[in-house]
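J.: Supplied structure: upload07.txt, compact mmCIF, C-alpha atoms.
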```txt
# COMPACT_ATOMS: atom_id res chain seq x y z
CA MET M 1 20.19 41.69 80.56
CA HIS M 2 22.55 42.79 77.80
CA THR M 3 24.36 46.11 78.03
CA LEU M 4 22.53 48.73 75.99
CA LEU M 5 25.10 51.51 75.57
CA THR M 6 27.75 49.70 73.56
CA PRO M 7 29.38 50.44 70.17
CA ASP M 8 27.27 47.72 68.52
CA ALA M 9 24.00 49.28 69.72
CA LEU M 10 23.23 50.46 66.19
CA ASP M 11 23.04 46.97 64.67
CA ALA M 12 19.35 46.91 65.63
CA CYS M 13 18.80 50.13 67.53
CA GLU M 14 16.90 50.05 70.81
CA LEU M 15 18.47 53.12 72.40
CA CYS M 16 15.18 54.95 72.87
CA PRO M 17 11.82 53.57 74.07
CA ARG M 18 10.56 53.23 70.50
CA CYS M 19 12.98 50.30 70.04
CA CYS M 20 12.56 50.61 66.28
CA ARG M 21 15.50 48.21 65.70
CA ALA M 22 16.69 50.15 62.68
CA ALA M 23 19.98 48.86 61.30
CA ARG M 24 21.64 52.23 61.76
CA ALA M 25 25.09 50.66 61.53
CA LYS M 26 24.28 49.74 57.92
CA GLY M 27 22.99 53.18 57.00
CA ALA M 28 19.32 52.84 57.89
CA ARG M 29 17.73 55.72 59.77
CA GLY M 30 15.80 55.21 62.97
CA VAL M 31 12.59 56.98 63.89
CA CYS M 32 14.92 59.62 65.37
CA GLY M 33 16.24 60.38 61.88
CA ALA M 34 19.80 59.32 62.66
CA ASP M 35 21.96 56.67 61.03
CA SER M 36 25.42 55.68 62.26
CA THR M 37 26.96 59.14 61.93
CA LEU M 38 27.13 61.60 64.82
CA LYS M 39 25.67 64.98 63.87
CA ILE M 40 25.86 68.17 65.92
CA ALA M 41 24.14 71.47 65.08
CA ARG M 42 25.72 73.82 67.61
CA ALA M 43 28.21 73.81 70.49
CA ALA M 44 28.47 77.06 72.44
CA LEU M 45 27.81 78.81 75.72
CA HIS M 46 24.10 79.25 76.40
CA MET M 47 22.85 81.79 78.91
CA TRP M 48 19.15 80.98 79.03
CA GLU M 49 18.87 77.68 80.86
CA GLU M 50 17.65 77.65 84.45
CA PRO M 51 19.87 79.70 86.82
CA PRO M 52 21.57 76.65 88.42
CA ILE M 53 22.53 75.45 84.92
CA SER M 54 23.56 78.65 83.09
CA GLY M 55 24.57 80.80 86.07
CA GLU M 56 26.50 83.90 85.02
CA ALA M 57 29.10 82.09 82.89
CA GLY M 58 26.80 80.02 80.67
CA SER M 59 26.14 76.36 80.02
CA GLY M 60 28.26 74.54 77.46
CA THR M 61 25.45 73.29 75.25
CA ILE M 62 25.93 70.67 72.56
CA PHE M 63 22.85 70.35 70.35
CA PHE M 64 22.61 66.94 68.70
CA SER M 65 20.69 66.47 65.44
CA GLY M 66 17.58 64.30 65.34
CA CYS M 67 15.05 63.37 68.01
CA PRO M 68 13.06 60.25 68.98
CA LEU M 69 9.95 62.39 69.54
CA LYS M 70 7.88 63.97 66.79
CA CYS M 71 6.33 66.94 68.57
CA ILE M 72 4.19 68.81 66.08
CA TYR M 73 4.85 72.14 67.83
CA CYS M 74 8.65 71.72 68.07
CA GLN M 75 10.63 74.97 68.11
CA ASN M 76 13.85 73.20 67.13
CA HIS M 77 12.39 71.37 64.12
CA GLN M 78 15.34 72.48 62.00
CA ILE M 79 17.56 70.05 63.90
CA SER M 80 15.03 67.66 65.49
CA ALA M 81 13.34 66.66 62.24
CA GLY M 82 15.09 68.61 59.49
CA GLY M 83 18.39 66.79 59.80
CA PHE M 84 20.43 69.98 60.12
CA GLY M 85 23.90 69.50 61.54
CA ILE M 86 27.45 68.53 60.71
CA GLU M 87 28.82 65.01 60.85
CA VAL M 88 31.65 64.70 63.35
CA SER M 89 33.61 61.88 64.92
CA PRO M 90 33.26 60.78 68.55
CA GLU M 91 36.79 62.10 69.03
CA ARG M 92 35.61 65.55 67.95
CA LEU M 93 32.82 65.34 70.55
CA VAL M 94 35.48 64.93 73.23
CA GLU M 95 37.36 67.96 71.89
CA ILE M 96 34.18 70.04 71.90
CA MET M 97 33.61 69.25 75.57
CA LEU M 98 37.12 70.38 76.45
CA GLU M 99 36.83 73.53 74.32
CA LEU M 100 33.60 74.52 76.06
CA GLN M 101 35.31 74.07 79.42
CA ASP M 102 38.13 76.32 78.19
CA GLN M 103 35.53 78.97 77.28
CA GLY M 104 34.38 79.02 80.91
CA ALA M 105 31.27 76.84 80.69
CA LEU M 106 29.81 75.79 84.03
CA ASN M 107 28.93 72.38 82.62
CA ILE M 108 28.65 70.28 79.49
CA ASN M 109 24.99 70.28 78.47
CA LEU M 110 24.13 67.36 76.16
CA VAL M 111 20.88 68.38 74.44
CA THR M 112 18.80 65.49 73.03
CA ALA M 113 21.59 62.92 73.06
CA THR M 114 19.25 59.93 73.52
CA HIS M 115 19.90 58.40 70.10
CA TYR M 116 23.66 58.87 70.48
CA ALA M 117 23.86 57.66 74.08
CA HIS M 118 25.90 54.61 73.04
CA LEU M 119 28.81 57.00 72.40
CA LEU M 120 28.64 58.80 75.72
CA PRO M 121 30.35 56.37 78.13
CA ALA M 122 33.54 56.32 76.08
CA ALA M 123 33.41 60.03 75.18
CA ILE M 124 32.79 61.26 78.72
CA THR M 125 35.41 58.91 80.15
CA GLU M 126 38.02 60.10 77.65
CA ALA M 127 37.15 63.74 78.26
CA ARG M 128 37.56 63.22 82.01
CA GLN M 129 40.94 61.58 81.42
CA ARG M 130 41.96 64.59 79.33
CA GLY M 131 41.06 67.10 82.02
CA LEU M 132 37.30 67.70 81.93
CA LYS M 133 36.32 68.78 85.44
CA ILE M 134 32.89 70.38 85.04
CA PRO M 135 29.57 68.50 85.46
CA ILE M 136 27.79 66.63 82.69
CA VAL M 137 24.17 67.73 82.18
CA TYR M 138 21.88 65.35 80.31
CA ASN M 139 19.18 67.52 78.73
CA THR M 140 16.35 65.25 77.62
CA SER M 141 12.73 65.11 76.53
CA GLY M 142 12.16 62.60 79.31
CA TYR M 143 11.45 59.86 76.78
CA GLU M 144 14.25 57.57 77.91
CA ARG M 145 14.69 53.88 78.55
CA VAL M 146 15.28 53.10 82.21
CA GLN M 147 18.18 50.86 81.23
CA ALA M 148 19.89 53.67 79.31
CA VAL M 149 19.51 56.03 82.28
CA ALA M 150 20.88 53.34 84.59
CA GLU M 151 23.93 52.80 82.39
CA LEU M 152 24.72 56.52 82.51
CA ALA M 153 25.05 56.40 86.30
CA GLY M 154 28.38 57.84 87.37
CA LEU M 155 28.73 59.70 84.06
CA VAL M 156 25.83 62.15 84.23
CA ASP M 157 25.89 64.60 87.12
CA VAL M 158 22.73 66.60 86.43
CA TRP M 159 19.49 65.38 84.87
CA LEU M 160 17.65 68.21 83.12
CA THR M 161 14.56 66.33 82.04
CA ASP M 162 11.20 67.22 80.57
CA PHE M 163 7.90 65.78 81.70
CA LYS M 164 5.60 66.76 78.86
CA TYR M 165 2.26 64.99 79.29
CA ALA M 166 0.12 63.14 81.78
CA ASP M 167 -2.56 62.21 79.23
CA VAL M 168 -1.89 59.32 76.87
CA ALA M 169 -4.13 60.68 74.11
CA LEU M 170 -2.40 64.06 74.24
CA ALA M 171 1.02 62.42 74.01
CA ARG M 172 -0.16 60.45 71.01
CA SER M 173 -1.64 63.41 69.15
CA LEU M 174 1.12 65.92 69.84
CA SER M 175 4.28 63.79 69.96
CA HIS M 176 3.26 60.41 68.50
CA VAL M 177 4.29 58.52 71.65
CA PRO M 178 1.25 57.21 73.55
CA ASP M 179 3.46 55.54 76.16
CA TYR M 180 5.14 58.84 77.08
CA PRO M 181 3.60 59.37 80.56
CA ASP M 182 4.62 55.98 81.99
CA VAL M 183 7.99 55.95 80.21
CA ALA M 184 8.87 59.42 81.49
CA ALA M 185 7.77 58.52 85.02
CA ALA M 186 9.92 55.38 85.07
CA ALA M 187 12.93 57.26 83.70
CA LEU M 188 12.48 60.03 86.27
CA ALA M 189 12.30 57.50 89.09
CA GLN M 190 15.63 56.05 87.92
CA MET M 191 17.20 59.52 87.79
CA VAL M 192 16.02 60.29 91.31
CA SER M 193 17.40 56.98 92.55
CA GLN M 194 20.80 57.72 91.03
CA ILE M 195 21.07 61.20 92.51
CA ASN M 196 19.99 59.97 95.93
CA ALA M 197 22.54 57.15 95.77
CA ALA M 198 25.27 59.67 94.94
CA GLY M 199 24.43 61.76 97.99
CA GLY M 200 21.60 63.99 96.78
CA GLU M 201 21.62 67.43 95.25
CA LEU M 202 24.89 69.35 95.41
CA LEU M 203 25.23 73.06 94.63
CA ALA M 204 28.36 75.18 94.33
CA GLN M 205 28.74 78.26 96.52
CA ASP M 206 27.46 80.47 93.70
CA GLY M 207 24.36 78.28 93.33
CA HIS M 208 25.16 76.43 90.12
CA MET M 209 24.28 72.75 90.19
CA LEU M 210 27.05 70.19 90.52
CA ARG M 211 24.72 67.23 91.02
CA GLY M 212 20.96 66.94 90.93
CA ILE M 213 17.76 67.02 88.90
CA ILE M 214 15.54 69.71 87.44
CA VAL M 215 12.25 68.61 85.89
CA ARG M 216 10.95 70.89 83.15
CA HIS M 217 7.41 71.26 81.92
CA LEU M 218 6.28 73.42 79.02
CA VAL M 219 2.73 74.66 79.53
CA LEU M 220 0.76 74.32 76.28
CA PRO M 221 -2.13 76.64 75.38
CA GLY M 222 -5.46 74.96 76.01
CA HIS M 223 -3.91 72.19 78.09
CA ALA M 224 -3.36 73.72 81.53
CA GLU M 225 -5.35 70.92 83.17
CA ASP M 226 -2.96 68.33 81.78
CA SER M 227 -0.06 70.45 83.04
CA CYS M 228 -1.52 70.22 86.54
CA ARG M 229 -1.76 66.45 86.16
CA VAL M 230 1.87 66.38 85.05
CA LEU M 231 2.84 68.15 88.27
CA ASP M 232 0.82 65.58 90.21
CA ARG M 233 2.77 62.80 88.51
CA ILE M 234 6.13 64.45 89.16
CA TRP M 235 5.25 64.84 92.84
CA GLU M 236 4.20 61.17 93.05
CA VAL M 237 7.42 59.96 91.45
CA ALA M 238 10.06 62.42 92.65
CA GLY M 239 8.59 64.34 95.57
CA ASP M 240 9.83 67.87 96.16
CA VAL M 241 12.26 67.96 93.25
CA PRO M 242 13.24 71.28 91.62
CA ILE M 243 10.86 72.05 88.76
CA SER M 244 10.88 74.52 85.89
CA VAL M 245 7.43 75.55 84.66
CA MET M 246 7.90 77.21 81.29
CA ASN M 247 5.74 79.80 79.56
CA GLN M 248 7.80 80.03 76.39
CA TYR M 249 5.53 78.18 73.98
CA THR M 250 5.59 79.91 70.59
CA PRO M 251 3.48 78.52 67.73
CA ASN M 252 5.51 77.40 64.75
CA GLN M 253 4.24 77.88 61.21
CA ARG M 254 2.54 74.51 61.18
CA MET M 255 0.58 75.36 64.32
CA ARG M 256 -0.37 78.80 63.02
CA ASP M 257 -1.65 77.27 59.80
CA GLN M 258 -3.56 74.58 61.68
CA GLY M 259 -5.34 76.99 63.99
CA GLY M 260 -6.90 76.18 67.34
CA ASP M 261 -5.35 76.54 70.78
CA LEU M 262 -1.84 75.65 69.65
CA ALA M 263 -1.87 78.59 67.21
CA ARG M 264 -1.65 81.03 70.13
CA ALA M 265 0.51 81.72 73.16
CA VAL M 266 -0.32 80.52 76.66
CA LEU M 267 -2.80 82.80 78.42
CA ASP M 268 -1.73 84.44 81.67
CA GLU M 269 -4.58 82.72 83.52
CA GLU M 270 -3.52 79.32 82.19
CA TYR M 271 0.03 79.81 83.37
CA GLU M 272 -1.05 81.12 86.75
CA MET M 273 -3.31 78.10 87.18
CA VAL M 274 -0.33 75.77 86.75
CA LEU M 275 1.95 77.81 89.02
CA ASP M 276 -0.72 77.89 91.70
CA HIS M 277 -1.10 74.12 91.49
CA ALA M 278 2.65 73.67 91.91
CA ASP M 279 2.48 75.80 95.06
CA ASP M 280 -0.48 73.81 96.35
CA LEU M 281 1.39 70.54 95.87
CA GLY M 282 4.32 71.86 97.90
CA PHE M 283 7.17 72.29 95.44
CA THR M 284 9.70 74.51 97.18
CA THR M 285 12.11 75.11 94.29
CA MET M 286 10.36 76.33 91.16
CA PHE M 287 11.67 78.30 88.21
CA TRP M 288 9.15 80.25 86.20
CA GLN M 289 9.15 82.78 83.39
CA GLU M 290 7.75 86.29 83.27
CA GLY M 291 6.01 87.70 80.24
CA GLY M 292 4.48 85.88 77.30
CA ALA M 293 5.98 83.89 74.47
CA VAL M 294 9.70 83.36 74.21
CA ASP M 295 11.94 85.81 72.45
CA GLU M 296 14.80 84.81 70.18
CA SER M 297 17.36 84.50 72.99
CA PHE M 298 15.80 81.31 74.33
CA THR M 299 16.28 79.52 71.01
CA PRO M 300 19.88 79.93 69.81
CA PRO M 301 20.72 80.06 66.11
CA PHE M 302 21.48 76.61 64.79
CA ASP M 303 24.39 77.70 62.63
CA THR M 304 27.02 75.01 63.42
CA THR M 305 28.86 77.38 65.77
CA GLY M 306 31.58 75.47 67.63
CA VAL M 307 31.07 72.19 65.79
CA LEU M 308 34.18 72.12 63.63
CA GLU M 309 36.25 74.61 65.62
CA SER M 310 36.00 76.24 69.01
CA ALA M 311 33.34 78.94 69.20
CA ALA M 312 35.95 81.10 70.92
CA ILE M 313 38.22 80.80 67.87
CA SER M 314 35.42 81.43 65.37
CA ASN M 315 34.39 84.53 67.33
CA GLY M 316 37.93 85.82 67.28
CA ARG M 317 38.50 85.71 71.04
CA ILE M 318 41.58 83.52 70.98
CA GLY M 319 44.17 82.49 68.45
```
Once more with this new file: its structure as structure tokens, please.
T.:
Amino acid sequence: MHTLLTPDALDACELCPRCCRAARAKGARGVCGADSTLKIARAALHMWEEPPISGEAGSGTIFFSGCPLKCIYCQNHQISAGGFGIEVSPERLVEIMLELQDQGALNINLVTATHYAHLLPAAITEARQRGLKIPIVYNTSGYERVQAVAELAGLVDVWLTDFKYADVALARSLSHVPDYPDVAAAALAQMVSQINAAGGELLAQDGHMLRGIIVRHLVLPGHAEDSCRVLDRIWEVAGDVPISVMNQYTPNQRMRDQGGDLARAVLDEEYEMVLDHADDLGFTTMFWQEGGAVDESFTPPFDTTGVLESAAISNGRIG
């Protein structure tokens, strides 16, 4: 089997499970919306990830532009589908990682890096050589090729992965990826295998995660039954892995215009149904959210903070 995460991966791109084979190296754009240029929308401390990720100091999040999924309810559509971001070099990516560490980040949180994963082995290795000590978090939709996950072994310390759907028809209608359930399950199995091989979950004394997995699931209004099936699938694949059951669905303008269940927030009884099912299955580490729809703090402003210069410099804290 050929190596997937190499500099020539963009000749006929197969980085994500769509395997669209776009000639990104020649300027074509893949289904993800990306060509050969690396684009980042924001790089800054983020306080609203799960407690083992953000802790008190914050997670050093790097939001990449583009996305292999096409979720019709996406809250980050400005960067996932709108192409917002600034073109930077792989060398600048290394600098950003080091700057976030200097700002006190607990980790480097790579958000939706799937379609740029070919750059990560060299970038992470160089950052380590230049003094990066904090963990690498790979923050993903869960729609990953097993081979790509396998080739990130030894580079990624924490897998922060979604598991969105159990139902094929739902995955097709909401994210245009009918193979999502099986693809996400296979990728999760590979992540679990890697963490187990490395010695299992490892937490710092203050509770932040140095090595491990957290599986996220966003409960969607009108689809609590599928959420329960998702939890069943996670339990089958990963066992008693830490999970994050999220209640932060907020309808975007498209969903409000369309009407139906996805035009509203998740009902309390829907969310409680999913949480109760997680308890019944036996999950012992579960993160959950109080209240209704998300407020602005969960979705940071995509304003290119930290992309061209350190967020600490742009905020006037140093220099």
J.: Which value, in Å to one decimal, gives the distance between atom CA of Arg254 of chain M and atom CA of Leu174 of chain M?
T.: 12.3 Å
J.: May I have the residues within 9 Å of segment 73-89 of chain M as a PDB file with C-alpha atoms, in the frame of the given file, using only C-alpha atoms and disregarding those fewer than 4 positions away in the same chain?
T.:
```pdb
ATOM      1  CA  CYS M  32      14.920  59.620  65.370  1.00  0.00           C
ATOM      2  CA  GLY M  33      16.240  60.380  61.880  1.00  0.00           C
ATOM      3  CA  ALA M  34      19.800  59.320  62.660  1.00  0.00           C
ATOM      4  CA  THR M  37      26.960  59.140  61.930  1.00  0.00           C
ATOM      5  CA  LEU M  38      27.130  61.600  64.820  1.00  0.00           C
ATOM      6  CA  LYS M  39      25.670  64.980  63.870  1.00  0.00           C
ATOM      7  CA  ILE M  40      25.860  68.170  65.920  1.00  0.00           C
ATOM      8  CA  ALA M  41      24.140  71.470  65.080  1.00  0.00           C
ATOM      9  CA  ARG M  42      25.720  73.820  67.610  1.00  0.00           C
ATOM     10  CA  PHE M  63      22.850  70.350  70.350  1.00  0.00           C
ATOM     11  CA  PHE M  64      22.610  66.940  68.700  1.00  0.00           C
ATOM     12  CA  SER M  65      20.690  66.470  65.440  1.00  0.00           C
ATOM     13  CA  GLY M  66      17.580  64.300  65.340  1.00  0.00           C
ATOM     14  CA  CYS M  67      15.050  63.370  68.010  1.00  0.00           C
ATOM     15  CA  PRO M  68      13.060  60.250  68.980  1.00  0.00           C
ATOM     16  CA  LEU M  69       9.950  62.390  69.540  1.00  0.00           C
ATOM     17  CA  LEU M  93      32.820  65.340  70.550  1.00  0.00           C
ATOM     18  CA  THR M 112      18.800  65.490  73.030  1.00  0.00           C
ATOM     19  CA  LEU M 174       1.120  65.920  69.840  1.00  0.00           C
ATOM     20  CA  SER M 175       4.280  63.790  69.960  1.00  0.00           C
ATOM     21  CA  TYR M 249       5.530  78.180  73.980  1.00  0.00           C
ATOM     22  CA  THR M 250       5.590  79.910  70.590  1.00  0.00           C
ATOM     23  CA  PRO M 251       3.480  78.520  67.730  1.00  0.00           C
ATOM     24  CA  ASN M 252       5.510  77.400  64.750  1.00  0.00           C
ATOM     25  CA  GLN M 253       4.240  77.880  61.210  1.00  0.00           C
ATOM     26  CA  ARG M 254       2.540  74.510  61.180  1.00  0.00           C
ATOM     27  CA  MET M 255       0.580  75.360  64.320  1.00  0.00           C
ATOM     28  CA  LEU M 262      -1.840  75.650  69.650  1.00  0.00           C
ATOM     29  CA  THR M 299      16.280  79.520  71.010  1.00  0.00           C
ATOM     30  CA  PHE M 302      21.480  76.610  64.790  1.00  0.00           C
ATOM     31  CA  ASP M 303      24.390  77.700  62.630  1.00  0.00           C
ATOM     32  CA  THR M 304      27.020  75.010  63.420  1.00  0.00           C
ATOM     33  CA  VAL M 307      31.070  72.190  65.790  1.00  0.00           C
ATOM     34  CA  LEU M 308      34.180  72.120  63.630  1.00  0.00           C
TER      35      LEU M 308
END
```
J.: Using only C-alpha atoms, pick whichever of M:Tyr116, M:Gly199, M:Ile72, M:Leu132 has the shortest atom-to-atom distance to Gly30 of chain M.
T.: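 Between M:Tyr116, M:Gly199, M:Ile72, M:Leu132, the residue approaching Gly30 of chain M most closely is M:Tyr116.
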J.: Need to verify the contact set: Asp261 of chain M, 9 Å, all atoms listed in the file, exclusion of same-chain residues closer than 4 positions in sequence. Can you return it as a list in words?
T.: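 Contacts, with the query itself left out: Leu220, Pro221, Gly222, His223, Met255, Ala265 and Val266 of chain M.
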J.: How many Å lie between atom CA of Pro51 of chain M and atom CA of Asp226 of chain M, rounded to one decimal?
T.: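 Atom CA of Pro51 of chain M sits 26.0 Å away from atom CA of Asp226 of chain M.
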J.: Between atom CA of Ile62 of chain M and atom CA of Ala122 of chain M, what is the distance, to one decimal in Å?
T.: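 A separation of 16.6 Å between them.
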J.: Would you mind listing what lies within 10 Å of segment 204-206 of chain M as an MDAnalysis selection string, with only C-alpha atoms counted and same-chain residues fewer than 5 positions away left out?
T.: chainID M and resid 52 55:56 211
J.: Pick the closest to Val31 of chain M from M:Ala238, M:Leu120, M:Val177, M:Ile195: which is it, counting only C-alpha atoms?
T.: M:Val177
J.: Point out the residue among M:Arg128, M:Arg264, M:His2, M:Lys26 with the least atom-to-atom distance to Gly154 of chain M, counting all atoms listed in the file.
T.: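 Among the listed residues, the smallest separation from Gly154 of chain M belongs to M:Arg128.
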J.: Around segment 121-129 of chain M, with edges along x, y and z and 4 Å added on all six sides, what centre and edge lengths do you get, in Å to one decimal, as AutoDock Vina command-line options?
T.:
```
--center_x 35.6 --center_y 60.0 --center_z 78.6 --size_x 18.6 --size_y 15.4 --size_z 14.8
```
J.: I need the residue nearest Gly60 of chain M from this list: M:Leu267, M:Ala198, M:Ala311, M:Cys228. Use only C-alpha atoms for the distance.
T.: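 Of M:Leu267, M:Ala198, M:Ala311, M:Cys228, the one nearest Gly60 of chain M is M:Ala311, counting only C-alpha atoms.
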J.: Do a neighbour search on Gly131 of chain M at 12 Å with all atoms listed in the file, toss out local chain neighbours closer than 2 positions, and write the hits as an mmCIF file with C-alpha atoms, keeping the file's coordinate frame.
T.:
```cif
data_model
loop_
_atom_site.group_PDB
_atom_site.id
_atom_site.type_symbol
_atom_site.label_atom_id
_atom_site.label_comp_id
_atom_site.auth_asym_id
_atom_site.auth_seq_id
_atom_site.Cartn_x
_atom_site.Cartn_y
_atom_site.Cartn_z
ATOM 1 C CA VAL M 94 35.480 64.930 73.230
ATOM 2 C CA GLU M 95 37.360 67.960 71.890
ATOM 3 C CA MET M 97 33.610 69.250 75.570
ATOM 4 C CA LEU M 98 37.120 70.380 76.450
ATOM 5 C CA GLU M 99 36.830 73.530 74.320
ATOM 6 C CA GLN M 101 35.310 74.070 79.420
ATOM 7 C CA ASP M 102 38.130 76.320 78.190
ATOM 8 C CA ILE M 124 32.790 61.260 78.720
ATOM 9 C CA THR M 125 35.410 58.910 80.150
ATOM 10 C CA GLU M 126 38.020 60.100 77.650
ATOM 11 C CA ALA M 127 37.150 63.740 78.260
ATOM 12 C CA ARG M 128 37.560 63.220 82.010
ATOM 13 C CA GLN M 129 40.940 61.580 81.420
ATOM 14 C CA LYS M 133 36.320 68.780 85.440
ATOM 15 C CA ILE M 134 32.890 70.380 85.040
#
```
J.: Can you work out which one of M:Gly239, M:Asp167, M:Leu160, M:Leu281 has the shortest atom-to-atom distance to Ala189 of chain M, counting all atoms listed in the file?
T.: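 When distances to Ala189 of chain M are compared using all atoms listed in the file, the smallest one comes from M:Gly239.
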J.: Could you list, as a list in words, every residue within 9 Å of Ile136 of chain M, counting only C-alpha atoms and ignoring same-chain residues fewer than 3 positions away?
T.: Asn107, Ile108, Asn109, Leu110, Ile124, Leu155, Val156, Asp157, Val158, Trp159, Leu210 and Arg211 of chain M
J.: Select, from M:Ser193, M:Ser227, M:Thr305, M:Thr3, the residue with the minimum atom-to-atom distance to Val274 of chain M, counting only C-alpha atoms.
T.: M:Ser227
J.: Can you find the residues with an atom no farther than 12 Å from (26.1, 48.0, 72.8), counting all atoms listed in the file, and report them as a PyMOL selection string?
T.: chain M and resi 1-15+25+116-122+147-148+151
